[in-house]
Structure formats: C-alpha cells, structure tokens
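Dumped query-v3.cif below, it's mmCIF, C-alpha atoms:
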data_target
loop_
_atom_site.label_atom_id
_atom_site.label_comp_id
_atom_site.auth_asym_id
_atom_site.auth_seq_id
_atom_site.Cartn_x
_atom_site.Cartn_y
_atom_site.Cartn_z
CA PHE Q 157 -10.21 2.02 22.03
CA VAL Q 158 -11.32 5.12 23.92
CA GLN Q 159 -11.19 7.29 20.80
CA PHE Q 160 -11.10 5.20 17.63
CA ARG Q 161 -9.88 8.14 15.52
CA TRP Q 162 -6.66 8.32 17.56
CA PHE Q 163 -5.52 5.14 15.79
CA PHE Q 164 -5.00 7.27 12.68
CA SER Q 165 -3.87 10.50 14.27
CA ILE Q 166 -2.28 11.00 17.70
CA ALA Q 167 -1.18 7.37 18.10
CA TYR Q 168 0.28 7.45 14.57
CA GLY Q 169 2.69 10.18 15.64
CA LEU Q 170 3.39 8.77 19.09
CA SER Q 171 4.23 5.34 17.69
CA ALA Q 172 7.04 6.88 15.61
CA VAL Q 173 8.34 8.67 18.70
CA LEU Q 174 8.26 5.53 20.84
CA MET Q 175 9.90 3.26 18.25
CA ALA Q 176 12.60 5.81 17.45
CA PHE Q 177 13.37 6.65 21.09
CA VAL Q 178 13.57 3.02 22.28
CA SER Q 179 15.66 1.98 19.27
CA LEU Q 180 18.04 4.90 19.78
CA LEU Q 181 18.51 4.03 23.46
CA TYR Q 182 19.16 0.37 22.62
CA PHE Q 183 21.71 0.91 19.86
CA SER Q 184 23.41 3.79 21.71
CA ALA Q 185 24.12 1.36 24.55
CA LEU Q 186 25.82 -1.03 22.12
CA ALA Q 187 28.01 1.40 20.19
CA LYS Q 188 28.35 5.00 19.12
CA VAL Q 189 25.60 5.88 16.66
CA PRO Q 190 26.91 7.55 13.46
CA GLN Q 191 25.87 11.16 12.99
CA VAL Q 192 23.76 10.56 9.89
CA ALA Q 193 21.87 7.71 11.59
CA LEU Q 194 21.31 9.91 14.63
CA LEU Q 195 19.87 12.68 12.44
CA HIS Q 196 17.71 10.13 10.64
CA VAL Q 197 16.14 8.80 13.83
CA CYS Q 198 15.85 12.22 15.50
CA LEU Q 199 13.85 13.45 12.51
CA CYS Q 200 11.45 10.53 13.03
CA ILE Q 201 11.06 11.67 16.65
CA ALA Q 202 10.57 15.30 15.56
CA TRP Q 203 7.97 14.26 12.98
CA GLY Q 204 6.02 12.20 15.52
CA VAL Q 205 6.15 14.86 18.25
CA ARG Q 206 5.04 17.54 15.78
CA LEU Q 207 2.16 15.49 14.40
CA ALA Q 208 0.87 14.19 17.75
CA GLY Q 209 1.23 17.63 19.32
CA PHE Q 210 -0.60 19.38 16.50
CA LEU Q 211 -3.45 16.88 16.48
CA ALA Q 212 -3.80 16.98 20.27
CA TRP Q 213 -3.84 20.78 20.12
CA ARG Q 214 -6.51 20.62 17.38
CA GLU Q 215 -8.56 18.28 19.54
CA LYS Q 216 -8.58 21.01 22.19
CA PHE Q 217 -8.87 24.14 20.09
CA GLY Q 218 -10.45 22.95 16.82
CA GLY Q 219 -13.43 24.86 15.48
CA GLU Q 220 -17.04 23.83 15.97
CA GLU Q 221 -17.24 22.14 12.56
CA TYR Q 222 -14.23 19.98 13.36
CA LYS Q 223 -15.49 19.12 16.86
CA LYS Q 224 -18.89 18.16 15.48
CA ARG Q 225 -17.40 15.79 12.92
CA ALA Q 226 -14.72 14.33 15.17
CA GLY Q 227 -17.04 13.93 18.17
CA GLY Q 228 -19.11 11.15 16.65
CA PHE Q 229 -16.32 9.48 14.71
CA GLY Q 230 -16.04 5.74 15.31
CA LYS Q 231 -18.76 5.47 17.96
CA ASN Q 232 -20.59 2.70 16.12
CA THR Q 233 -17.52 0.85 14.93
CA PRO Q 234 -17.75 -2.86 15.88
CA LEU Q 235 -15.09 -4.20 18.26
CA VAL Q 236 -13.84 -6.76 15.73
CA ARG Q 237 -13.13 -3.96 13.24
CA LYS Q 238 -11.34 -1.96 15.92
CA VAL Q 239 -9.11 -4.92 16.75
CA GLY Q 240 -8.39 -5.59 13.07
CA THR Q 241 -7.57 -1.95 12.44
CA TRP Q 242 -5.36 -1.80 15.54
CA LEU Q 243 -3.35 -4.80 14.32
CA PHE Q 244 -3.06 -3.37 10.82
CA VAL Q 245 -1.91 0.02 12.11
CA ALA Q 246 0.66 -1.61 14.43
CA VAL Q 247 2.22 -3.57 11.55
CA PHE Q 248 1.94 -0.59 9.21
CA ASP Q 249 3.75 1.76 11.61
CA ALA Q 250 6.46 -0.82 12.31
CA LEU Q 251 7.14 -1.32 8.59
CA LEU Q 252 7.38 2.44 8.08
CA PHE Q 253 10.05 2.69 10.76
CA CYS Q 254 12.12 -0.25 9.44
CA PRO Q 255 14.57 1.85 7.33
CA ALA Q 256 15.52 3.92 10.39
CA LEU Q 257 15.79 0.81 12.57
CA PHE Q 258 18.08 -0.95 10.08
CA HIS Q 259 20.14 2.23 9.71
CA LEU Q 260 20.82 2.17 13.45
CA LYS Q 261 21.72 -1.51 13.24
CA THR Q 262 24.04 -1.25 10.23
CA PRO Q 263 26.07 1.88 9.33
CA THR Q 264 25.29 3.13 5.85
CA ARG Q 265 27.52 2.01 3.00
CA PHE Q 266 26.84 5.24 1.08
CA GLU Q 267 26.91 8.22 3.42
CA MET Q 268 25.96 10.83 0.81
CA LEU Q 269 22.80 8.89 -0.03
CA ALA Q 270 21.90 8.74 3.66
CA TYR Q 271 22.41 12.49 4.06
CA ALA Q 272 20.30 13.09 0.94
CA GLY Q 273 17.53 11.03 2.51
CA VAL Q 274 17.77 13.01 5.75
CA ALA Q 275 17.51 16.26 3.77
CA ILE Q 276 14.39 14.94 2.00
CA GLN Q 277 12.95 13.94 5.37
CA PHE Q 278 13.49 17.45 6.69
CA LEU Q 279 11.86 18.95 3.60
CA GLY Q 280 8.83 16.71 4.03
CA LEU Q 281 8.55 17.66 7.71
CA ILE Q 282 8.58 21.37 6.82
CA ILE Q 283 6.00 20.96 4.04
CA GLU Q 284 3.60 18.93 6.17
CA SER Q 285 3.98 21.19 9.21
CA GLU Q 286 3.41 24.39 7.25
CA ALA Q 287 0.47 22.89 5.32
CA ASP Q 288 -1.27 21.83 8.55
CA LYS Q 289 -0.64 25.28 10.02
CA GLN Q 290 -1.98 27.07 6.95
CA LYS Q 291 -5.04 24.86 6.65
CA PHE Q 292 -5.96 25.27 10.30
CA ALA Q 293 -5.64 29.07 10.01
CA GLN Q 294 -7.69 29.26 6.81
CA LYS Q 295 -10.42 26.99 8.19
CA ALA Q 296 -10.54 28.96 11.43
CA ALA Q 297 -11.06 32.16 9.43
CA ASN Q 298 -13.69 30.66 7.09
CA PRO Q 299 -14.76 27.08 7.86
CA GLU Q 300 -17.31 26.95 5.03
CA THR Q 301 -14.89 27.23 2.13
CA PHE Q 302 -11.89 25.37 0.74
CA CYS Q 303 -8.23 26.23 1.29
CA SER Q 304 -6.43 27.79 -1.68
CA LYS Q 305 -3.73 30.05 -0.25
CA GLY Q 306 -0.08 29.42 0.50
CA LEU Q 307 1.02 25.85 -0.21
CA PHE Q 308 -2.56 25.07 -1.24
CA GLY Q 309 -1.95 27.24 -4.28
CA LEU Q 310 0.69 24.75 -5.44
CA THR Q 311 -1.18 21.53 -4.68
CA ARG Q 312 -4.63 20.74 -3.35
CA HIS Q 313 -3.21 18.40 -0.69
CA PRO Q 314 0.22 19.69 0.43
CA ASN Q 315 -0.02 18.02 3.86
CA TYR Q 316 -0.33 14.60 2.21
CA LEU Q 317 2.50 15.51 -0.18
CA GLY Q 318 4.68 16.46 2.78
CA GLU Q 319 4.02 13.14 4.47
CA LEU Q 320 4.96 11.21 1.33
CA VAL Q 321 8.14 13.28 0.96
CA PHE Q 322 9.06 12.64 4.60
CA TRP Q 323 8.66 8.86 4.41
CA SER Q 324 10.42 8.74 1.03
CA GLY Q 325 13.39 10.45 2.69
CA ASN Q 326 13.21 7.98 5.55
CA TYR Q 327 13.45 5.10 3.06
CA ILE Q 328 16.30 6.69 1.09
CA ALA Q 329 18.28 7.47 4.26
CA GLY Q 330 18.20 3.82 5.28
CA LEU Q 331 18.51 2.28 1.84
CA ALA Q 332 22.28 1.74 1.89
CA SER Q 333 22.06 0.10 5.33
CA LEU Q 334 19.72 -2.66 4.23
CA SER Q 335 21.34 -6.09 4.21
CA GLY Q 336 19.68 -9.31 3.19
CA PRO Q 337 16.36 -10.02 1.49
CA ALA Q 338 14.30 -9.80 4.70
CA GLN Q 339 15.38 -6.23 5.49
CA ILE Q 340 14.88 -5.11 1.89
CA VAL Q 341 11.38 -6.60 1.79
CA LEU Q 342 10.30 -5.18 5.15
CA ALA Q 343 11.58 -1.67 4.40
CA SER Q 344 10.10 -1.74 0.91
CA LEU Q 345 6.73 -2.92 2.17
CA GLY Q 346 6.61 0.14 4.40
CA ILE Q 347 7.18 2.68 1.63
CA VAL Q 348 4.79 0.87 -0.72
CA ALA Q 349 2.15 0.78 2.02
CA ILE Q 350 2.38 4.49 2.86
CA PHE Q 351 2.13 5.43 -0.83
CA GLY Q 352 -0.89 3.17 -1.26
CA VAL Q 353 -2.63 4.54 1.83
CA MET Q 354 -1.78 8.19 1.20
CA LEU Q 355 -2.75 8.13 -2.48
CA GLY Q 356 -6.01 6.43 -1.53
CA ALA Q 357 -6.62 8.99 1.20
CA THR Q 358 -5.82 11.83 -1.21
CA ASN Q 359 -8.30 10.53 -3.77
CA GLY Q 360 -10.97 10.04 -1.10
CA LEU Q 361 -10.54 13.54 0.33
CA ASP Q 362 -10.50 15.00 -3.18
CA ARG Q 363 -13.85 13.33 -3.92
CA ARG Q 364 -15.40 14.59 -0.69
CA GLN Q 365 -14.17 18.11 -1.34
CA THR Q 366 -15.50 17.94 -4.90
CA LEU Q 367 -18.96 16.99 -3.65
CA LYS Q 368 -18.86 19.64 -0.94
CA TYR Q 369 -17.42 22.59 -2.86
CA GLY Q 370 -18.21 21.67 -6.47
CA ALA Q 371 -21.06 24.21 -6.68
CA LEU Q 372 -18.72 27.11 -5.85
CA PRO Q 373 -17.53 28.92 -9.03
CA ALA Q 374 -14.14 29.63 -7.46
CA TYR Q 375 -13.57 25.92 -6.82
CA SER Q 376 -13.77 25.12 -10.54
CA ASP Q 377 -11.00 27.62 -11.26
CA TYR Q 378 -8.97 26.35 -8.32
CA VAL Q 379 -9.19 22.70 -9.44
CA LYS Q 380 -8.39 23.64 -13.03
CA LYS Q 381 -5.14 25.41 -12.20
CA THR Q 382 -4.01 23.51 -9.07
CA PRO Q 383 -2.67 19.93 -9.22
CA LYS Q 384 -4.14 17.34 -6.90
CA LEU Q 385 -0.82 16.29 -5.35
CA LEU Q 386 2.35 16.94 -7.35
CA PRO Q 387 3.09 20.67 -7.91
CA PHE Q 388 3.31 21.91 -11.51
CA SER Q 389 1.75 18.72 -12.88
CA GLY Q 390 -1.47 20.37 -14.09
CA GLY Q 391 -4.97 20.68 -12.68
CA ASP Q 392 -8.18 18.77 -13.37
CA ASP Q 393 -11.57 19.29 -14.94
CA LEU Q 394 -14.13 19.78 -12.17
CA GLN Q 395 -17.03 18.24 -14.08
CA GLN Q 396 -15.01 15.08 -14.64
CA LEU Q 397 -14.14 14.98 -10.95
CA ILE Q 398 -17.80 15.40 -10.00
CA LYS Q 399 -18.80 12.48 -12.24
CA GLN Q 400 -16.08 10.31 -10.72
CA ALA Q 401 -17.08 11.29 -7.19
CA GLN Q 402 -20.75 10.60 -7.82
CA THR Q 403 -19.94 7.23 -9.38
CA LYS Q 404 -17.73 6.30 -6.43
CA GLN Q 405 -20.39 7.54 -4.03
CA LYS Q 406 -22.93 5.10 -5.48
CA SER Q 407 -20.46 2.20 -5.51
CA PRO Q 408 -21.40 -0.52 -2.94
CA GLU Q 409 -17.84 -0.95 -1.65
CA THR Q 410 -17.63 2.70 -0.62
CA LYS Q 411 -20.97 2.87 1.13
CA GLY Q 412 -20.33 4.56 4.45
CA GLY Q 413 -16.98 5.84 3.21
CA ASP Q 414 -16.84 8.38 0.39
CA ASN Q 415 -20.57 8.99 0.37
CA ASP Q 416 -20.40 11.85 2.83
CA ALA Q 417 -20.63 15.05 0.81
CA ASN Q 418 -20.70 17.19 3.93
CA GLY Q 419 -17.24 16.09 5.00
CA ASP Q 420 -18.30 14.10 8.05
CA ALA Q 421 -15.77 11.53 9.09
CA PRO Q 422 -16.46 8.34 7.11
CA GLY Q 423 -16.26 5.10 8.91
CA GLY Q 424 -18.80 2.75 7.39
CA ALA Q 425 -22.03 1.55 8.87
CA PRO Q 426 -21.88 -1.20 11.50
CA GLY Q 427 -21.50 -4.64 10.03
CA GLU Q 428 -20.29 -3.55 6.59
CA PRO Q 429 -17.27 -5.61 5.48
CA LEU Q 430 -14.47 -3.07 5.18
CA SER Q 431 -10.94 -4.37 5.45
CA PRO Q 432 -8.56 -2.83 8.04
CA ARG Q 433 -6.65 -1.15 5.21
CA SER Q 434 -9.90 0.29 3.80
CA VAL Q 435 -10.83 1.64 7.22
CA TYR Q 436 -7.35 3.12 7.66
CA GLU Q 437 -7.24 4.59 4.16
CA GLN Q 438 -10.72 6.13 4.33
CA ASN Q 439 -10.19 7.55 7.79
CA LYS Q 440 -6.70 8.97 7.32
CA LYS Q 441 -7.25 12.47 8.74
CA PRO Q 442 -10.98 12.12 7.85
CA TRP Q 443 -11.92 15.50 9.32
CA ASP Q 444 -9.27 17.24 7.20
CA MET Q 445 -11.71 19.06 4.91
#
Could you render the structure as structure tokens?
Amino acid sequence: FVQFRWFFSIAYGLSAVLMAFVSLLYFSALAKVPQVALLHVCLCIAWGVRLAGFLAWREKFGGEEYKKRAGGFGKNTPLVRKVGTWLFVAVFDALLFCPALFHLKTPTRFEMLAYAGVAIQFLGLIIESEADKQKFAQKAANPETFCSKGLFGLTRHPNYLGELVFWSGNYIAGLASLSGPAQIVLASLGIVAIFGVMLGATNGLDRRQTLKYGALPAYSDYVKKTPKLLPFSGGDDLQQLIKQAQTKQKSPETKGGDNDANGDAPGGAPGEPLSPRSVYEQNKKPWDM
C-alpha cells in the first residue's frame, strides 16, 4: 500500500520466494525431499530472487523516463481497488505455486516428466533474465526508441515469453504429483490464469508500443519480420496493429488503461470500474516500454 506498483513487481517475486522457502522448510522437516522436487522449488526461489532483485535495482538505477512514469503510478488509485487487487494477487500467486507445493507433498509418479518440467523452468528463467538485461541496456543507451536487438530480434516480448515458459515448466514438473480433483483444479487454474494475464499484458504493451513508435519507419520493418510472442511464427502488419490500437484506445472499457500512447503507466482514473484482474493485467510491468 506504500507503492501500489510493487503489487505487480517486487512483491510478485518475493511471494514466490516466501512460499517456496516456507514450504521447503515444512516438508523437509517431515521427510527427505526428492532431488527433482528440491530442484523444482529451488528454481521458484531463484526466479523470485532474480525478479525482485532486478526490479528493486531498477527502482534505484532506472533512467529518468522510467522514474518519471513509475513515480506517479497508482497515486490516485482508490483504496477499495487496492484491497481488491491485493486479494486477487494473493490468490493468483498462491495458485501459481500450487504445482510446486503439491510436488513437495507427493513424490512424482513420472520422474522424467518432472525433470523435463524443471529443464523448461530453467530455460524460462534464462530467457526472462536475459531479456530484462538486454532491454534495460538498450533503453539506457537510447530511451526514445524500441528494443530490437538480441532476443528482441526473435520476438517483440521475450521477457513475457520467458515468464510463460517458466510457469509452464513449473506446471509440468508438478503434473505427475497431482492427486485428486482439487489439486488438479487448483494447479490448472494457476497456469490458465498466468497465460490469460500474460497474453493480455502482451497485447496491451504491444498496443502502447504501436501508438508510441508507429511513426518510426524502422518499427514497421521490425513488426513485419518479428513475431509478437512466439519465435518464428511470423510478424504483423503495422497498419493493422495501429487500427486495432486506436480502436481499443477509444473503447470505454480501456479508458485509463491502453489509452496512453506515451507509455505512462496505465492505472485507470479514480472511480472507473476496473476489475482486479483488469488492473493486474493492464499494470503487469506497465513501465516496460
């Protein structure tokens, strides 16, 4: 409640660390934790430490453009929306962690599948970490243009791709440990929720970047040859994206959200009825332009 944006950033990473660490201590006291389950949970800790550490570091050393946008983010958000968002984020984070929790509780019935999931987790962690590093470096060098080098030459949003890969691996690693309808539903709700939020966040950021950089000739070529999310899946037509962004910008339900062509953190005007999921989806790394 001190910094509303931390709901979606630093606290997001720290919640994974806290849940994983406490769960590991608890189940370690009951019995020896299998190696694959230990790797699974430790990767959740590594992911959370990396994300929270990077975002805290960016809070301190981010460029002027970032500090300007982040500084005023959430100041006018009503208390009732903050409480609703806090509750949504708490449930959301808990559901995401469920596969790892159930893996600690019940040894996997298919060890190779669990190891495959851990490998996918590790891949997602590497992709997201490197994408954040590359984007920060490119923005520091030239804050007025878009990122197109490194992983951004394969996909326009590699950091979001990395996060989806990581949580997909988390789900796969715990899949063969799920027992009973309740565990299956809870774990599945988590993976469905992160895909819904991240795809929505990707589309929202893509629209804001289109409105901000659409006039640059190089951006048209970049969009045409670079996929939005999945590498090697083909690019998009910039003019079509501009039309979609302008249509969405004028839509009443996105007022205060996607209508910021300058990349300022969207949050909605006070009193506008945005659901906690809408707030979370629109503000997922909102300064990540």
Considering all atoms listed in the file, return as an mmCIF file with C-alpha atoms, in the coordinates of the input whatever protein or nucleic-acid residues lie within 9 Å of region 192-203 of chain Q, sequence-local ones (same chain, fewer than 4 positions apart) excluded.
data_model
loop_
_atom_site.group_PDB
_atom_site.id
_atom_site.type_symbol
_atom_site.label_atom_id
_atom_site.label_comp_id
_atom_site.auth_asym_id
_atom_site.auth_seq_id
_atom_site.Cartn_x
_atom_site.Cartn_y
_atom_site.Cartn_z
ATOM 1 C CA GLY Q 169 2.690 10.180 15.640
ATOM 2 C CA LEU Q 170 3.390 8.770 19.090
ATOM 3 C CA ALA Q 172 7.040 6.880 15.610
ATOM 4 C CA VAL Q 173 8.340 8.670 18.700
ATOM 5 C CA LEU Q 174 8.260 5.530 20.840
ATOM 6 C CA MET Q 175 9.900 3.260 18.250
ATOM 7 C CA ALA Q 176 12.600 5.810 17.450
ATOM 8 C CA PHE Q 177 13.370 6.650 21.090
ATOM 9 C CA SER Q 179 15.660 1.980 19.270
ATOM 10 C CA LEU Q 180 18.040 4.900 19.780
ATOM 11 C CA LEU Q 207 2.160 15.490 14.400
ATOM 12 C CA ALA Q 208 0.870 14.190 17.750
ATOM 13 C CA PHE Q 253 10.050 2.690 10.760
ATOM 14 C CA ALA Q 256 15.520 3.920 10.390
ATOM 15 C CA LEU Q 257 15.790 0.810 12.570
ATOM 16 C CA HIS Q 259 20.140 2.230 9.710
ATOM 17 C CA LEU Q 260 20.820 2.170 13.450
ATOM 18 C CA PRO Q 263 26.070 1.880 9.330
ATOM 19 C CA THR Q 264 25.290 3.130 5.850
ATOM 20 C CA GLU Q 267 26.910 8.220 3.420
ATOM 21 C CA ALA Q 270 21.900 8.740 3.660
ATOM 22 C CA TYR Q 271 22.410 12.490 4.060
ATOM 23 C CA GLY Q 273 17.530 11.030 2.510
ATOM 24 C CA VAL Q 274 17.770 13.010 5.750
ATOM 25 C CA GLN Q 277 12.950 13.940 5.370
ATOM 26 C CA PHE Q 278 13.490 17.450 6.690
ATOM 27 C CA LEU Q 281 8.550 17.660 7.710
ATOM 28 C CA SER Q 285 3.980 21.190 9.210
ATOM 29 C CA PHE Q 322 9.060 12.640 4.600
ATOM 30 C CA ASN Q 326 13.210 7.980 5.550
ATOM 31 C CA ALA Q 329 18.280 7.470 4.260
ATOM 32 C CA GLY Q 330 18.200 3.820 5.280
#
Once the PyMOL selection byres ((chain Q and resi 318) around 9) has been applied to the shown file, what residues remain in the selection, as a ChimeraX atom specification?
-> /Q:279-285,287,313-317,319-323
So how far away is CA of Gln191 (chain Q) from CA of Leu252 (chain Q), in Å?
->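 Computing it gives 21.0 Å between the two atoms.
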Explicit residue set for the PyMOL selection byres ((chain Q and resi 334-342) around 9), as an MDAnalysis selection string = chainID Q and resid 251:252 254:255 258:259 262 264 330:333 343:346
Print the selection's residues with C-alpha atoms to a file, as a CSV table (one decimal), in the coordinates of the input.
chain,number,residue,atom,x,y,z
Q,251,LEU,CA,7.1,-1.3,8.6
Q,252,LEU,CA,7.4,2.4,8.1
Q,254,CYS,CA,12.1,-0.2,9.4
Q,255,PRO,CA,14.6,1.8,7.3
Q,258,PHE,CA,18.1,-1.0,10.1
Q,259,HIS,CA,20.1,2.2,9.7
Q,262,THR,CA,24.0,-1.2,10.2
Q,264,THR,CA,25.3,3.1,5.8
Q,330,GLY,CA,18.2,3.8,5.3
Q,331,LEU,CA,18.5,2.3,1.8
Q,332,ALA,CA,22.3,1.7,1.9
Q,333,SER,CA,22.1,0.1,5.3
Q,343,ALA,CA,11.6,-1.7,4.4
Q,344,SER,CA,10.1,-1.7,0.9
Q,345,LEU,CA,6.7,-2.9,2.2
Q,346,GLY,CA,6.6,0.1,4.4
Enclose region 367-379 of chain Q, meaning all of its atoms listed in the file, in a box aligned along x, y and z, pad it by 3 Å on each side, and list the centre and edge lengths in Å to one decimal, as JSON.
{"center_x": -15.0, "center_y": 23.3, "center_z": -6.1, "size_x": 18.1, "size_y": 18.6, "size_z": 16.3}
Skip Leu355 (chain Q) itself and residues of its chain fewer than 2 positions away, then list as a PDB file with C-alpha atoms, keeping the file's coordinate frame all residues within 12 Å of it, counting all atoms listed in the file.
ATOM      1  CA  HIS Q 313      -3.210  18.400  -0.690  1.00  0.00           C
ATOM      2  CA  TYR Q 316      -0.330  14.600   2.210  1.00  0.00           C
ATOM      3  CA  LEU Q 317       2.500  15.510  -0.180  1.00  0.00           C
ATOM      4  CA  GLU Q 319       4.020  13.140   4.470  1.00  0.00           C
ATOM      5  CA  LEU Q 320       4.960  11.210   1.330  1.00  0.00           C
ATOM      6  CA  VAL Q 348       4.790   0.870  -0.720  1.00  0.00           C
ATOM      7  CA  ALA Q 349       2.150   0.780   2.020  1.00  0.00           C
ATOM      8  CA  ILE Q 350       2.380   4.490   2.860  1.00  0.00           C
ATOM      9  CA  PHE Q 351       2.130   5.430  -0.830  1.00  0.00           C
ATOM     10  CA  GLY Q 352      -0.890   3.170  -1.260  1.00  0.00           C
ATOM     11  CA  VAL Q 353      -2.630   4.540   1.830  1.00  0.00           C
ATOM     12  CA  ALA Q 357      -6.620   8.990   1.200  1.00  0.00           C
ATOM     13  CA  THR Q 358      -5.820  11.830  -1.210  1.00  0.00           C
ATOM     14  CA  ASN Q 359      -8.300  10.530  -3.770  1.00  0.00           C
ATOM     15  CA  GLY Q 360     -10.970  10.040  -1.100  1.00  0.00           C
ATOM     16  CA  LEU Q 361     -10.540  13.540   0.330  1.00  0.00           C
ATOM     17  CA  ASP Q 362     -10.500  15.000  -3.180  1.00  0.00           C
ATOM     18  CA  LYS Q 384      -4.140  17.340  -6.900  1.00  0.00           C
ATOM     19  CA  LEU Q 385      -0.820  16.290  -5.350  1.00  0.00           C
ATOM     20  CA  LEU Q 386       2.350  16.940  -7.350  1.00  0.00           C
ATOM     21  CA  GLU Q 437      -7.240   4.590   4.160  1.00  0.00           C
ATOM     22  CA  GLN Q 438     -10.720   6.130   4.330  1.00  0.00           C
ATOM     23  CA  LYS Q 440      -6.700   8.970   7.320  1.00  0.00           C
TER      24      LYS Q 440
END
Proximity to Tyr327 (chain Q) - best of Q:Ala272, Q:Ala293, Q:Arg312, Q:Ala374, only C-alpha atoms =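 Answer, going by the shortest atom-to-atom distance: Q:Ala272.
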Gap from CA of Arg206 (chain Q) to CA of Asn298 (chain Q) - Å, one decimal |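 Rounded to one decimal, the two atoms are 24.5 Å apart.
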Where atoms are missing, can you supply N, CA, C and O atoms for region 295-306 of chain Q and output the lot as a short mmCIF file (atom, residue, chain, number, x, y, z; two decimals), in the frame of the given file?
data_model
loop_
_atom_site.label_atom_id
_atom_site.label_comp_id
_atom_site.auth_asym_id
_atom_site.auth_seq_id
_atom_site.Cartn_x
_atom_site.Cartn_y
_atom_site.Cartn_z
N LYS Q 295 -9.13 27.55 7.77
CA LYS Q 295 -10.42 26.99 8.19
C LYS Q 295 -10.97 27.74 9.40
O LYS Q 295 -12.18 27.88 9.56
N ALA Q 296 -10.09 28.19 10.27
CA ALA Q 296 -10.54 28.96 11.43
C ALA Q 296 -11.15 30.28 10.99
O ALA Q 296 -12.14 30.76 11.55
N ALA Q 297 -10.56 30.88 9.93
CA ALA Q 297 -11.06 32.16 9.43
C ALA Q 297 -12.36 31.99 8.65
O ALA Q 297 -13.25 32.84 8.73
N ASN Q 298 -12.48 30.89 7.90
CA ASN Q 298 -13.69 30.66 7.09
C ASN Q 298 -13.90 29.16 6.94
O ASN Q 298 -13.44 28.56 5.97
N PRO Q 299 -14.60 28.54 7.87
CA PRO Q 299 -14.76 27.08 7.86
C PRO Q 299 -15.65 26.54 6.74
O PRO Q 299 -15.65 25.34 6.50
N GLU Q 300 -16.36 27.41 6.05
CA GLU Q 300 -17.31 26.95 5.03
C GLU Q 300 -16.74 26.93 3.63
O GLU Q 300 -17.47 26.65 2.67
N THR Q 301 -15.47 27.24 3.47
CA THR Q 301 -14.89 27.23 2.13
C THR Q 301 -13.62 26.39 2.11
O THR Q 301 -13.15 25.93 3.15
N PHE Q 302 -13.09 26.19 0.92
CA PHE Q 302 -11.89 25.37 0.74
C PHE Q 302 -10.64 26.22 0.91
O PHE Q 302 -10.67 27.45 0.84
N CYS Q 303 -9.51 25.54 1.12
CA CYS Q 303 -8.23 26.23 1.29
C CYS Q 303 -7.55 26.37 -0.08
O CYS Q 303 -7.48 25.40 -0.83
N SER Q 304 -7.06 27.56 -0.38
CA SER Q 304 -6.43 27.79 -1.68
C SER Q 304 -5.20 28.69 -1.59
O SER Q 304 -4.60 28.98 -2.62
N LYS Q 305 -4.85 29.13 -0.41
CA LYS Q 305 -3.73 30.05 -0.25
C LYS Q 305 -2.47 29.32 0.21
O LYS Q 305 -2.53 28.20 0.70
N GLY Q 306 -1.34 29.99 0.06
CA GLY Q 306 -0.08 29.42 0.50
C GLY Q 306 0.28 28.16 -0.28
O GLY Q 306 0.19 28.12 -1.51
#
